[in-house]
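Visitor: Sharing a structure below in structure tokens format, with a few things to ask.
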Amino acid sequence: MSFAMSRDGMFSTGERGDEPRERREGATSGARRSDGCERCGDRRDRMAAAACRLAQEIAGLGFDVPVSEIRRPSRAASRSCDARHVAMYLAHTTFQISLTGMALAFGRERTSIAHAVRRIEDWRDDEAFDRMLERLEGLAVAACAVIDTGLGADVASEDRR
């Protein structure tokens, strides 16, 4: 069995794609951040990170969970996990952020985010949960409207006075 290093610094056997791969020492995946977007260079990445933070704030309000719990890098209590999954769902469906774009902002793998979105879609069959999620989606849309009109900047400048 031979190992070859690819351009992204990953080792692979060069045979079947399902073999475990090991990372070069000191390399990072870049998807393990939850505090924003350190390596984001362009405007789209910064906007995606901001949308994810807004989704986390809204989900925190809806579930009465501190945002610090939603952003926690490790697994958390069920309520915090549910709020995180709703935040991921809101970011993806309401703000149209791609799963890959959300990975860095949420500090999770893209596949974990896909699982969260599917989980929330399944829960929408419950009427009470669906109503609650519709309210959170409405709040997210309203927040975007305030930001788009520039009213958010006006309110922030008034608060500083």
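Quick note on naming: the chains in the structure tokens go A, B, ... in the order shown, residues restart at 1 in each chain, and ligands are numbered from 1 in order of appearance.
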May I have the residues within 9 Å of range 73-81 of chain A as a list of chain:residue names, using only C-alpha atoms and disregarding those fewer than 4 positions away in the same chain?

Guide: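 Contacts, with the query itself left out: A:Arg32, A:Arg33, A:Ser34, A:Gly60, A:Phe63, A:Asp64, A:Val65, A:Pro66, A:Val67, A:Glu69, A:His85, A:Val86, A:Phe106, A:Gly107, A:Arg108.
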
Visitor: Would you mind listing what lies within 12 Å of Arg119 in chain A as a ChimeraX atom specification, with only C-alpha atoms counted and same-chain residues fewer than 2 positions away left out?

Guide: /A:81-86,88-89,112-117,121-125

Visitor: Could you write out that same residue set with N, CA and C atoms as a short mmCIF file (atom, residue, chain, number, x, y, z; two decimals), in the first residue's frame?

Guide:
```
data_model
loop_
_atom_site.label_atom_id
_atom_site.label_comp_id
_atom_site.auth_asym_id
_atom_site.auth_seq_id
_atom_site.Cartn_x
_atom_site.Cartn_y
_atom_site.Cartn_z
N CYS A 81 -27.95 22.08 21.64
CA CYS A 81 -27.75 21.41 20.36
C CYS A 81 -28.93 21.70 19.42
N ASP A 82 -30.15 21.66 19.96
CA ASP A 82 -31.33 21.96 19.15
C ASP A 82 -31.27 23.39 18.64
N ALA A 83 -30.88 24.32 19.50
CA ALA A 83 -30.77 25.73 19.10
C ALA A 83 -29.70 25.88 18.01
N ARG A 84 -28.58 25.20 18.15
CA ARG A 84 -27.52 25.26 17.13
C ARG A 84 -28.04 24.73 15.80
N HIS A 85 -28.78 23.63 15.84
CA HIS A 85 -29.31 23.06 14.61
C HIS A 85 -30.31 24.00 13.95
N VAL A 86 -31.14 24.65 14.76
CA VAL A 86 -32.08 25.63 14.20
C VAL A 86 -31.31 26.80 13.59
N MET A 88 -28.38 26.72 12.24
CA MET A 88 -27.85 26.23 10.97
C MET A 88 -28.94 26.19 9.90
N TYR A 89 -30.12 25.73 10.30
CA TYR A 89 -31.25 25.66 9.37
C TYR A 89 -31.62 27.06 8.88
N SER A 112 -21.91 17.62 9.08
CA SER A 112 -22.65 17.83 10.33
C SER A 112 -23.74 18.88 10.14
N ILE A 113 -23.43 19.90 9.36
CA ILE A 113 -24.42 20.94 9.09
C ILE A 113 -25.55 20.36 8.24
N ALA A 114 -25.21 19.53 7.26
CA ALA A 114 -26.24 18.89 6.43
C ALA A 114 -27.16 18.03 7.29
N HIS A 115 -26.59 17.31 8.25
CA HIS A 115 -27.38 16.50 9.17
C HIS A 115 -28.34 17.38 9.98
N ALA A 116 -27.84 18.51 10.47
CA ALA A 116 -28.67 19.42 11.27
C ALA A 116 -29.84 19.96 10.44
N VAL A 117 -29.59 20.34 9.21
CA VAL A 117 -30.64 20.87 8.34
C VAL A 117 -31.70 19.80 8.08
N GLU A 121 -35.69 19.86 9.20
CA GLU A 121 -36.73 19.63 8.19
C GLU A 121 -37.68 18.52 8.62
N ASP A 122 -37.14 17.47 9.22
CA ASP A 122 -37.99 16.38 9.73
C ASP A 122 -38.88 16.86 10.87
N TRP A 123 -38.36 17.70 11.73
CA TRP A 123 -39.12 18.21 12.87
C TRP A 123 -40.25 19.13 12.45
N ARG A 124 -40.18 19.69 11.27
CA ARG A 124 -41.22 20.62 10.81
C ARG A 124 -42.57 19.93 10.65
N ASP A 125 -42.60 18.60 10.70
CA ASP A 125 -43.88 17.88 10.65
C ASP A 125 -44.70 18.13 11.91
#
```
